[in-house]
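One file, query_10.txt, carrying compact mmCIF, N, CA and C atoms:
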# COMPACT_ATOMS: atom_id res chain seq x y z
N MET A 415 8.91 -3.51 -16.82
CA MET A 415 9.43 -2.52 -17.74
C MET A 415 10.86 -2.85 -18.11
N SER A 416 11.20 -2.48 -19.30
CA SER A 416 12.56 -2.74 -19.75
C SER A 416 13.18 -1.45 -20.28
N ARG A 417 14.45 -1.54 -20.54
CA ARG A 417 15.17 -0.36 -21.07
C ARG A 417 14.68 0.00 -22.47
N GLU A 418 14.02 -0.94 -23.16
CA GLU A 418 13.52 -0.66 -24.51
C GLU A 418 12.22 0.12 -24.50
N ASP A 419 11.56 0.20 -23.33
CA ASP A 419 10.33 0.97 -23.25
C ASP A 419 10.64 2.43 -23.57
N PRO A 420 9.69 3.12 -24.22
CA PRO A 420 9.95 4.52 -24.57
C PRO A 420 10.13 5.39 -23.34
N GLN A 421 10.96 6.39 -23.47
CA GLN A 421 11.17 7.34 -22.39
C GLN A 421 10.35 8.59 -22.68
N PHE A 422 10.01 9.29 -21.60
CA PHE A 422 9.15 10.46 -21.72
C PHE A 422 9.59 11.47 -20.67
N ARG A 423 9.93 12.65 -21.10
CA ARG A 423 10.32 13.71 -20.15
C ARG A 423 9.06 14.43 -19.71
N ILE A 424 9.03 14.79 -18.44
CA ILE A 424 7.85 15.46 -17.89
C ILE A 424 8.29 16.49 -16.86
N ARG A 425 7.55 17.59 -16.81
CA ARG A 425 7.78 18.61 -15.78
C ARG A 425 6.73 18.44 -14.71
N LEU A 426 7.17 18.45 -13.46
CA LEU A 426 6.26 18.32 -12.32
C LEU A 426 6.48 19.47 -11.37
N PRO A 427 5.42 19.97 -10.75
CA PRO A 427 5.63 20.94 -9.68
C PRO A 427 6.47 20.28 -8.58
N VAL A 428 7.30 21.05 -7.93
CA VAL A 428 8.20 20.54 -6.90
C VAL A 428 7.43 19.77 -5.82
N GLU A 429 6.30 20.34 -5.39
CA GLU A 429 5.52 19.69 -4.33
C GLU A 429 5.02 18.31 -4.76
N LEU A 430 4.57 18.19 -6.00
CA LEU A 430 4.08 16.91 -6.50
C LEU A 430 5.22 15.90 -6.60
N LYS A 431 6.36 16.33 -7.09
CA LYS A 431 7.51 15.44 -7.18
C LYS A 431 7.92 14.93 -5.80
N GLU A 432 7.89 15.82 -4.81
CA GLU A 432 8.24 15.41 -3.44
C GLU A 432 7.24 14.38 -2.90
N LYS A 433 5.95 14.59 -3.18
CA LYS A 433 4.93 13.63 -2.75
C LYS A 433 5.16 12.26 -3.40
N ILE A 434 5.49 12.26 -4.68
CA ILE A 434 5.73 11.01 -5.39
C ILE A 434 6.97 10.32 -4.83
N GLU A 435 8.01 11.09 -4.53
CA GLU A 435 9.22 10.51 -3.95
C GLU A 435 8.94 9.87 -2.59
N ILE A 436 8.15 10.53 -1.77
CA ILE A 436 7.80 9.98 -0.45
C ILE A 436 7.00 8.70 -0.62
N SER A 437 6.03 8.73 -1.52
CA SER A 437 5.20 7.55 -1.76
C SER A 437 6.03 6.41 -2.33
N ALA A 438 6.95 6.71 -3.23
CA ALA A 438 7.81 5.68 -3.82
C ALA A 438 8.68 5.04 -2.75
N LYS A 439 9.24 5.85 -1.88
CA LYS A 439 10.07 5.32 -0.81
C LYS A 439 9.26 4.43 0.12
N GLY A 440 8.05 4.88 0.46
CA GLY A 440 7.17 4.11 1.33
C GLY A 440 6.73 2.79 0.71
N SER A 441 6.68 2.74 -0.61
CA SER A 441 6.26 1.53 -1.32
C SER A 441 7.45 0.71 -1.81
N ASN A 442 8.66 1.15 -1.45
CA ASN A 442 9.89 0.48 -1.91
C ASN A 442 9.96 0.39 -3.43
N ARG A 443 9.64 1.51 -4.09
CA ARG A 443 9.70 1.58 -5.55
C ARG A 443 10.62 2.73 -5.95
N THR A 444 11.06 2.69 -7.21
CA THR A 444 11.76 3.84 -7.77
C THR A 444 10.73 4.91 -8.08
N LEU A 445 11.20 6.12 -8.29
CA LEU A 445 10.31 7.21 -8.67
C LEU A 445 9.57 6.85 -9.95
N ASN A 446 10.28 6.33 -10.93
CA ASN A 446 9.67 5.94 -12.19
C ASN A 446 8.61 4.86 -11.99
N SER A 447 8.93 3.84 -11.20
CA SER A 447 7.97 2.75 -10.96
C SER A 447 6.72 3.26 -10.26
N GLU A 448 6.89 4.19 -9.34
CA GLU A 448 5.74 4.75 -8.63
C GLU A 448 4.83 5.51 -9.59
N ILE A 449 5.41 6.29 -10.47
CA ILE A 449 4.62 7.05 -11.45
C ILE A 449 3.89 6.10 -12.38
N VAL A 450 4.57 5.08 -12.88
CA VAL A 450 3.95 4.10 -13.79
C VAL A 450 2.82 3.36 -13.08
N GLN A 451 3.05 2.95 -11.82
CA GLN A 451 2.02 2.24 -11.05
C GLN A 451 0.78 3.12 -10.88
N ARG A 452 0.98 4.36 -10.50
CA ARG A 452 -0.15 5.26 -10.26
C ARG A 452 -0.90 5.59 -11.54
N LEU A 453 -0.18 5.80 -12.62
CA LEU A 453 -0.85 6.06 -13.90
C LEU A 453 -1.64 4.84 -14.35
N GLY A 454 -1.03 3.66 -14.23
CA GLY A 454 -1.72 2.44 -14.62
C GLY A 454 -3.00 2.24 -13.84
N LEU A 455 -2.96 2.49 -12.53
CA LEU A 455 -4.16 2.33 -11.70
C LEU A 455 -5.24 3.34 -12.05
N SER A 456 -4.83 4.52 -12.50
CA SER A 456 -5.83 5.54 -12.84
C SER A 456 -6.67 5.10 -14.04
N PHE A 457 -6.15 4.24 -14.88
CA PHE A 457 -6.90 3.77 -16.04
C PHE A 457 -7.81 2.59 -15.72
N LEU A 458 -7.62 1.94 -14.58
CA LEU A 458 -8.46 0.81 -14.22
C LEU A 458 -9.92 1.22 -14.09
N ASN A 459 -10.16 2.42 -13.61
CA ASN A 459 -11.54 2.89 -13.43
C ASN A 459 -12.20 3.26 -14.75
N GLU A 460 -11.44 3.29 -15.84
CA GLU A 460 -11.99 3.70 -17.12
C GLU A 460 -12.43 2.53 -17.99
N ILE A 461 -12.37 1.30 -17.47
CA ILE A 461 -12.80 0.15 -18.26
C ILE A 461 -14.32 0.19 -18.39
N PRO A 462 -14.83 0.30 -19.61
CA PRO A 462 -16.29 0.33 -19.79
C PRO A 462 -16.92 -0.97 -19.29
N ALA A 463 -18.09 -0.85 -18.69
CA ALA A 463 -18.77 -2.01 -18.11
C ALA A 463 -19.10 -3.06 -19.15
N ASP A 464 -19.33 -2.65 -20.39
CA ASP A 464 -19.71 -3.62 -21.43
C ASP A 464 -18.52 -4.14 -22.24
N GLU A 465 -17.29 -3.74 -21.88
CA GLU A 465 -16.09 -4.21 -22.58
C GLU A 465 -15.75 -5.62 -22.12
N LEU A 466 -15.44 -6.48 -23.06
CA LEU A 466 -15.05 -7.84 -22.74
C LEU A 466 -13.57 -7.86 -22.38
N ILE A 467 -13.26 -8.44 -21.24
CA ILE A 467 -11.89 -8.48 -20.75
C ILE A 467 -11.40 -9.92 -20.82
N SER A 468 -10.24 -10.10 -21.44
CA SER A 468 -9.67 -11.45 -21.52
C SER A 468 -9.17 -11.88 -20.14
N ALA A 469 -9.00 -13.18 -19.97
CA ALA A 469 -8.48 -13.69 -18.70
C ALA A 469 -7.10 -13.12 -18.43
N LYS A 470 -6.29 -12.99 -19.46
CA LYS A 470 -4.95 -12.43 -19.30
C LYS A 470 -5.02 -10.98 -18.79
N GLU A 471 -5.92 -10.19 -19.39
CA GLU A 471 -6.09 -8.81 -18.94
C GLU A 471 -6.64 -8.77 -17.52
N ALA A 472 -7.56 -9.68 -17.20
CA ALA A 472 -8.14 -9.73 -15.86
C ALA A 472 -7.07 -10.01 -14.82
N ILE A 473 -6.17 -10.94 -15.12
CA ILE A 473 -5.07 -11.25 -14.19
C ILE A 473 -4.18 -10.04 -13.99
N ALA A 474 -3.89 -9.31 -15.06
CA ALA A 474 -3.06 -8.10 -14.94
C ALA A 474 -3.75 -7.06 -14.06
N ILE A 475 -5.06 -6.89 -14.23
CA ILE A 475 -5.81 -5.94 -13.42
C ILE A 475 -5.82 -6.37 -11.96
N VAL A 476 -6.04 -7.65 -11.72
CA VAL A 476 -6.07 -8.19 -10.36
C VAL A 476 -4.71 -7.99 -9.68
N ASN A 477 -3.63 -8.26 -10.40
CA ASN A 477 -2.29 -8.10 -9.81
C ASN A 477 -2.01 -6.64 -9.47
N LYS A 478 -2.41 -5.72 -10.32
CA LYS A 478 -2.23 -4.30 -10.01
C LYS A 478 -3.06 -3.90 -8.81
N ALA A 479 -4.28 -4.45 -8.74
CA ALA A 479 -5.15 -4.12 -7.61
C ALA A 479 -4.54 -4.64 -6.31
N LYS A 480 -3.95 -5.84 -6.32
CA LYS A 480 -3.32 -6.38 -5.11
C LYS A 480 -2.14 -5.52 -4.69
N ASP A 481 -1.36 -5.05 -5.66
CA ASP A 481 -0.25 -4.15 -5.32
C ASP A 481 -0.78 -2.87 -4.68
N GLU A 482 -1.85 -2.34 -5.23
CA GLU A 482 -2.43 -1.11 -4.70
C GLU A 482 -3.01 -1.36 -3.30
N LEU A 483 -3.66 -2.50 -3.10
CA LEU A 483 -4.18 -2.83 -1.77
C LEU A 483 -3.05 -2.88 -0.75
N SER A 484 -1.95 -3.49 -1.13
CA SER A 484 -0.81 -3.59 -0.24
C SER A 484 -0.30 -2.20 0.12
N SER A 485 -0.25 -1.32 -0.85
CA SER A 485 0.20 0.05 -0.61
C SER A 485 -0.78 0.80 0.30
N ILE A 486 -2.07 0.58 0.10
CA ILE A 486 -3.09 1.23 0.94
C ILE A 486 -2.96 0.77 2.39
N VAL A 487 -2.81 -0.54 2.59
CA VAL A 487 -2.66 -1.09 3.94
C VAL A 487 -1.44 -0.47 4.61
N PHE A 488 -0.33 -0.41 3.89
CA PHE A 488 0.91 0.16 4.42
C PHE A 488 0.70 1.62 4.84
N LYS A 489 0.13 2.41 3.95
CA LYS A 489 -0.04 3.84 4.22
C LYS A 489 -1.01 4.08 5.38
N ARG A 490 -2.12 3.35 5.38
CA ARG A 490 -3.09 3.51 6.46
C ARG A 490 -2.49 3.14 7.81
N THR A 491 -1.72 2.08 7.82
CA THR A 491 -1.12 1.62 9.07
C THR A 491 -0.23 2.69 9.66
N PHE A 492 0.68 3.21 8.88
CA PHE A 492 1.62 4.19 9.42
C PHE A 492 0.99 5.56 9.64
N ALA A 493 -0.05 5.89 8.88
CA ALA A 493 -0.78 7.13 9.15
C ALA A 493 -1.49 7.02 10.51
N GLU A 494 -2.09 5.86 10.78
CA GLU A 494 -2.79 5.65 12.06
C GLU A 494 -1.80 5.69 13.22
N ILE A 495 -0.67 5.01 13.07
CA ILE A 495 0.34 5.02 14.12
C ILE A 495 0.84 6.44 14.37
N ASN A 496 1.20 7.14 13.31
CA ASN A 496 1.71 8.51 13.46
C ASN A 496 0.69 9.43 14.12
N LYS A 497 -0.58 9.26 13.79
CA LYS A 497 -1.64 10.08 14.38
C LYS A 497 -1.80 9.76 15.86
N LYS A 498 -1.84 8.47 16.19
CA LYS A 498 -2.15 8.07 17.57
C LYS A 498 -0.97 8.24 18.54
N ILE A 499 0.26 8.09 18.08
CA ILE A 499 1.37 8.28 19.01
C ILE A 499 1.47 9.73 19.46
N ARG A 500 1.02 10.64 18.62
CA ARG A 500 1.07 12.06 18.97
C ARG A 500 0.08 12.41 20.08
N ILE A 501 -0.88 11.52 20.34
CA ILE A 501 -1.83 11.78 21.43
C ILE A 501 -1.68 10.74 22.55
N GLY A 502 -0.55 10.02 22.53
CA GLY A 502 -0.21 9.16 23.65
C GLY A 502 -0.64 7.71 23.59
N HIS A 503 -1.16 7.26 22.48
CA HIS A 503 -1.60 5.87 22.39
C HIS A 503 -0.40 4.92 22.18
N THR A 504 -0.53 3.72 22.70
CA THR A 504 0.49 2.68 22.48
C THR A 504 -0.11 1.46 21.79
N SER A 505 -1.40 1.52 21.48
CA SER A 505 -2.10 0.45 20.78
C SER A 505 -2.89 1.11 19.65
N PHE A 506 -2.87 0.49 18.49
CA PHE A 506 -3.45 1.11 17.30
C PHE A 506 -4.33 0.12 16.56
N SER A 507 -5.52 0.53 16.18
CA SER A 507 -6.44 -0.28 15.41
C SER A 507 -6.43 0.24 13.97
N VAL A 508 -6.08 -0.63 13.03
CA VAL A 508 -6.06 -0.24 11.62
C VAL A 508 -7.31 -0.83 10.97
N GLU A 509 -8.24 0.03 10.59
CA GLU A 509 -9.51 -0.40 10.02
C GLU A 509 -9.40 -0.54 8.50
N LEU A 510 -9.83 -1.70 7.98
CA LEU A 510 -9.72 -1.98 6.54
C LEU A 510 -11.00 -2.54 5.95
N SER A 511 -12.10 -2.50 6.68
CA SER A 511 -13.34 -3.14 6.22
C SER A 511 -13.82 -2.60 4.87
N ASP A 512 -13.53 -1.34 4.56
CA ASP A 512 -13.97 -0.75 3.30
C ASP A 512 -13.23 -1.31 2.08
N LEU A 513 -12.13 -2.04 2.30
CA LEU A 513 -11.34 -2.58 1.19
C LEU A 513 -11.88 -3.91 0.64
N GLU A 514 -12.85 -4.50 1.34
CA GLU A 514 -13.48 -5.74 0.90
C GLU A 514 -12.45 -6.84 0.59
N LEU A 515 -11.63 -7.14 1.57
CA LEU A 515 -10.55 -8.11 1.41
C LEU A 515 -11.02 -9.56 1.51
N TYR A 516 -12.28 -9.79 1.83
CA TYR A 516 -12.78 -11.15 2.01
C TYR A 516 -12.66 -12.01 0.76
N GLY A 517 -12.68 -11.43 -0.42
CA GLY A 517 -12.63 -12.19 -1.66
C GLY A 517 -11.24 -12.67 -2.07
N LEU A 518 -10.21 -12.26 -1.36
CA LEU A 518 -8.84 -12.67 -1.72
C LEU A 518 -8.58 -14.11 -1.29
N SER A 519 -7.75 -14.80 -2.06
CA SER A 519 -7.31 -16.14 -1.64
C SER A 519 -6.44 -15.98 -0.40
N ASP A 520 -6.22 -17.07 0.32
CA ASP A 520 -5.39 -17.01 1.52
C ASP A 520 -3.99 -16.50 1.20
N ASP A 521 -3.40 -16.98 0.08
CA ASP A 521 -2.06 -16.54 -0.30
C ASP A 521 -2.03 -15.06 -0.66
N ASP A 522 -3.03 -14.61 -1.42
CA ASP A 522 -3.08 -13.20 -1.79
C ASP A 522 -3.33 -12.32 -0.58
N PHE A 523 -4.18 -12.79 0.33
CA PHE A 523 -4.47 -12.05 1.55
C PHE A 523 -3.18 -11.83 2.34
N ALA A 524 -2.41 -12.89 2.52
CA ALA A 524 -1.14 -12.79 3.26
C ALA A 524 -0.16 -11.87 2.52
N ALA A 525 -0.13 -11.97 1.19
CA ALA A 525 0.80 -11.16 0.40
C ALA A 525 0.48 -9.67 0.50
N VAL A 526 -0.79 -9.32 0.61
CA VAL A 526 -1.19 -7.92 0.73
C VAL A 526 -0.65 -7.31 2.02
N PHE A 527 -0.63 -8.12 3.08
CA PHE A 527 -0.19 -7.62 4.39
C PHE A 527 1.32 -7.74 4.62
N GLN A 528 2.00 -8.58 3.89
CA GLN A 528 3.41 -8.90 4.14
C GLN A 528 4.31 -7.67 4.21
N PRO A 529 4.27 -6.73 3.25
CA PRO A 529 5.17 -5.57 3.34
C PRO A 529 4.94 -4.73 4.61
N THR A 530 3.68 -4.57 4.98
CA THR A 530 3.36 -3.78 6.17
C THR A 530 3.83 -4.49 7.43
N PHE A 531 3.52 -5.77 7.54
CA PHE A 531 3.89 -6.51 8.75
C PHE A 531 5.40 -6.63 8.88
N SER A 532 6.09 -6.80 7.76
CA SER A 532 7.56 -6.87 7.80
C SER A 532 8.15 -5.57 8.30
N ARG A 533 7.62 -4.46 7.79
CA ARG A 533 8.14 -3.15 8.20
C ARG A 533 7.83 -2.87 9.67
N LEU A 534 6.62 -3.25 10.11
CA LEU A 534 6.28 -3.08 11.52
C LEU A 534 7.25 -3.85 12.41
N LYS A 535 7.54 -5.08 12.03
CA LYS A 535 8.45 -5.92 12.82
C LYS A 535 9.85 -5.29 12.86
N GLU A 536 10.33 -4.81 11.69
CA GLU A 536 11.64 -4.15 11.64
C GLU A 536 11.70 -2.96 12.59
N LEU A 537 10.59 -2.26 12.74
CA LEU A 537 10.54 -1.06 13.57
C LEU A 537 10.24 -1.36 15.04
N GLY A 538 10.03 -2.64 15.37
CA GLY A 538 9.85 -3.04 16.75
C GLY A 538 8.41 -3.07 17.25
N TYR A 539 7.44 -2.95 16.36
CA TYR A 539 6.03 -3.03 16.76
C TYR A 539 5.60 -4.49 16.82
N ILE A 540 4.48 -4.72 17.50
CA ILE A 540 3.90 -6.06 17.59
C ILE A 540 2.53 -6.03 16.90
N VAL A 541 2.32 -6.98 15.97
CA VAL A 541 1.01 -7.16 15.37
C VAL A 541 0.35 -8.32 16.11
N LEU A 542 -0.79 -8.05 16.70
CA LEU A 542 -1.50 -9.09 17.44
C LEU A 542 -2.13 -10.07 16.44
N GLU A 543 -1.56 -11.26 16.35
CA GLU A 543 -2.01 -12.27 15.37
C GLU A 543 -3.50 -12.58 15.49
N THR A 544 -4.02 -12.62 16.70
CA THR A 544 -5.43 -12.95 16.89
C THR A 544 -6.35 -11.83 16.44
N SER A 545 -5.81 -10.65 16.16
CA SER A 545 -6.64 -9.51 15.77
C SER A 545 -6.71 -9.33 14.26
N TRP A 546 -5.98 -10.10 13.52
CA TRP A 546 -5.79 -9.87 12.10
C TRP A 546 -6.87 -10.57 11.28
N ASP A 547 -7.69 -9.78 10.56
CA ASP A 547 -8.66 -10.35 9.64
C ASP A 547 -8.93 -9.32 8.54
N ALA A 548 -9.93 -9.58 7.71
CA ALA A 548 -10.20 -8.72 6.57
C ALA A 548 -10.72 -7.34 6.96
N ASP A 549 -11.13 -7.18 8.21
CA ASP A 549 -11.61 -5.88 8.66
C ASP A 549 -10.51 -5.00 9.24
N GLY A 550 -9.33 -5.59 9.50
CA GLY A 550 -8.23 -4.82 10.03
C GLY A 550 -7.40 -5.62 11.01
N PHE A 551 -6.61 -4.91 11.81
CA PHE A 551 -5.73 -5.57 12.77
C PHE A 551 -5.29 -4.57 13.84
N LEU A 552 -4.70 -5.11 14.90
CA LEU A 552 -4.20 -4.28 15.98
C LEU A 552 -2.67 -4.30 16.01
N VAL A 553 -2.10 -3.18 16.33
CA VAL A 553 -0.65 -3.03 16.46
C VAL A 553 -0.38 -2.43 17.82
N GLU A 554 0.68 -2.90 18.47
CA GLU A 554 1.06 -2.36 19.77
C GLU A 554 2.54 -2.02 19.80
N ILE A 555 2.85 -1.03 20.63
CA ILE A 555 4.24 -0.74 20.98
C ILE A 555 4.54 -1.64 22.17
N PRO A 556 5.58 -2.47 22.10
CA PRO A 556 5.86 -3.35 23.24
C PRO A 556 6.26 -2.54 24.46
N GLN A 557 5.86 -3.02 25.63
CA GLN A 557 6.23 -2.37 26.88
C GLN A 557 7.71 -2.62 27.14
N GLN A 558 8.42 -1.59 27.45
CA GLN A 558 9.86 -1.71 27.75
C GLN A 558 10.04 -2.09 29.20
N SER A 559 10.88 -3.11 29.45
CA SER A 559 11.16 -3.45 30.85
C SER A 559 12.13 -2.42 31.41
N GLU A 560 11.94 -2.10 32.68
CA GLU A 560 12.77 -1.05 33.27
C GLU A 560 13.86 -1.64 34.12

Using C-alpha cells, write down the structure from this file.
Amino acid sequence: MSREDPQFRIRLPVELKEKIEISAKGSNRTLNSEIVQRLGLSFLNEIPADELISAKEAIAIVNKAKDELSSIVFKRTFAEINKKIRIGHTSFSVELSDLELYGLSDDDFAAVFQPTFSRLKELGYIVLETSWDADGFLVEIPQQSE
C-alpha cells in the first residue's frame, strides 16, 4: 500500500476495534494493515470455481494465504500455551494437521513458522526440533536450575 491509495473513514464498535488492535499487535502489523489483510482474505472465498485465474493473481492469493497461515500458527500456539499453563502444563502440543501444510515448499513451510518460532525463542520457550512437521510441533518451558 502507498500513500496514494484512497483513504476511507469507518466507524467500529469499541470492542471490535480492540480485537483488531490485539490481532494487529500479535501479527506485528499496523491497525490499517490488519484491517486490509483481513478484508482481502475475506474475498478469497468468493472466487467462483469456474473463474479463470491468471498466474499473477494465483501468486497473490498464495502469498496472502501464506501470511494467513503464519498468523494462524502464531495465534494457535499462544492460545494453546495460555490455556495449558493455567492448568499446570510445561509442555504444549500445537496441532496443525487441519491446515494441510504438506503442499508448501520447504522455504514456504519454514517461512510460515518463522514468526512463531522467533517469538517463542524471545520469550524463552524451547521448540523441540524433532517434533516439528506439517501436523504440528511441541513447545516446552525449560526447567530452571535451582

Report the closest atom pair, with its distance in Å rounded to one decimal, for each residue of stretch 482-522 of chain A that has an atom no farther than 12 Å from stretch 436-439 of chain A; count only C-alpha atoms, sort by chain and then rising residue number, and write it as a tab-separated table.
residue	atom	partner	partner_atom	distance
A:Glu482	CA	A:Ser437	CA	11.9
A:Ser485	CA	A:Ser437	CA	9.1
A:Ile486	CA	A:Ser437	CA	10.8
A:Phe488	CA	A:Ser437	CA	10.5
A:Lys489	CA	A:Ser437	CA	8.8

Please extract the residues of chain A with a backbone DSSP assignment of helix (DSSP H, G or I) and present them as a ChimeraX atom specification. /A:428-440,445-458,469-499,511-513,515-517,520-536,543-545

Please give the complete set of residues from chain A that DSSP, run on the backbone, assigns to strand (DSSP E), formatted as number ranges by chain. A: 505-509, 540-541, 550-554

Please give the centre and size of the box around stretch 544-550 of chain A (axis-aligned, containing every atom listed in the file, 5 Å added per side), with values in Å to one decimal and written as JSON.
{"center_x": -7.8, "center_y": -8.9, "center_z": 11.7, "size_x": 17.6, "size_y": 18.1, "size_z": 20.3}

Between atom CA of A:Phe492 and atom CA of A:Leu534, what is the distance, to one decimal in Å? 8.9 Å

Sorted per-residue table, stretch 428-521 of chain A near stretch 542-560 of chain A, closest atoms and distance, 10 Å, only C-alpha atoms, as a tab-separated table:
residue	atom	partner	partner_atom	distance
A:Val487	CA	A:Gly550	CA	9.1
A:Thr491	CA	A:Val553	CA	8.7
A:Glu494	CA	A:Val553	CA	10.0
A:Ile495	CA	A:Val553	CA	8.4
A:Ile499	CA	A:Ile555	CA	9.7
A:His503	CA	A:Ile555	CA	8.9
A:Thr504	CA	A:Ile555	CA	5.3
A:Ser505	CA	A:Glu554	CA	4.3
A:Phe506	CA	A:Val553	CA	5.1
A:Ser507	CA	A:Leu552	CA	4.6
A:Val508	CA	A:Gly550	CA	5.3
A:Glu509	CA	A:Gly550	CA	4.6
A:Leu510	CA	A:Gly550	CA	4.7
A:Ser511	CA	A:Asp549	CA	4.1
A:Asp512	CA	A:Asp549	CA	7.8
A:Leu513	CA	A:Asp549	CA	8.2
A:Glu514	CA	A:Ala548	CA	7.2
A:Leu515	CA	A:Ala548	CA	5.2
A:Tyr516	CA	A:Ala548	CA	5.8
A:Gly517	CA	A:Ala548	CA	9.3
A:Leu518	CA	A:Ala548	CA	9.3
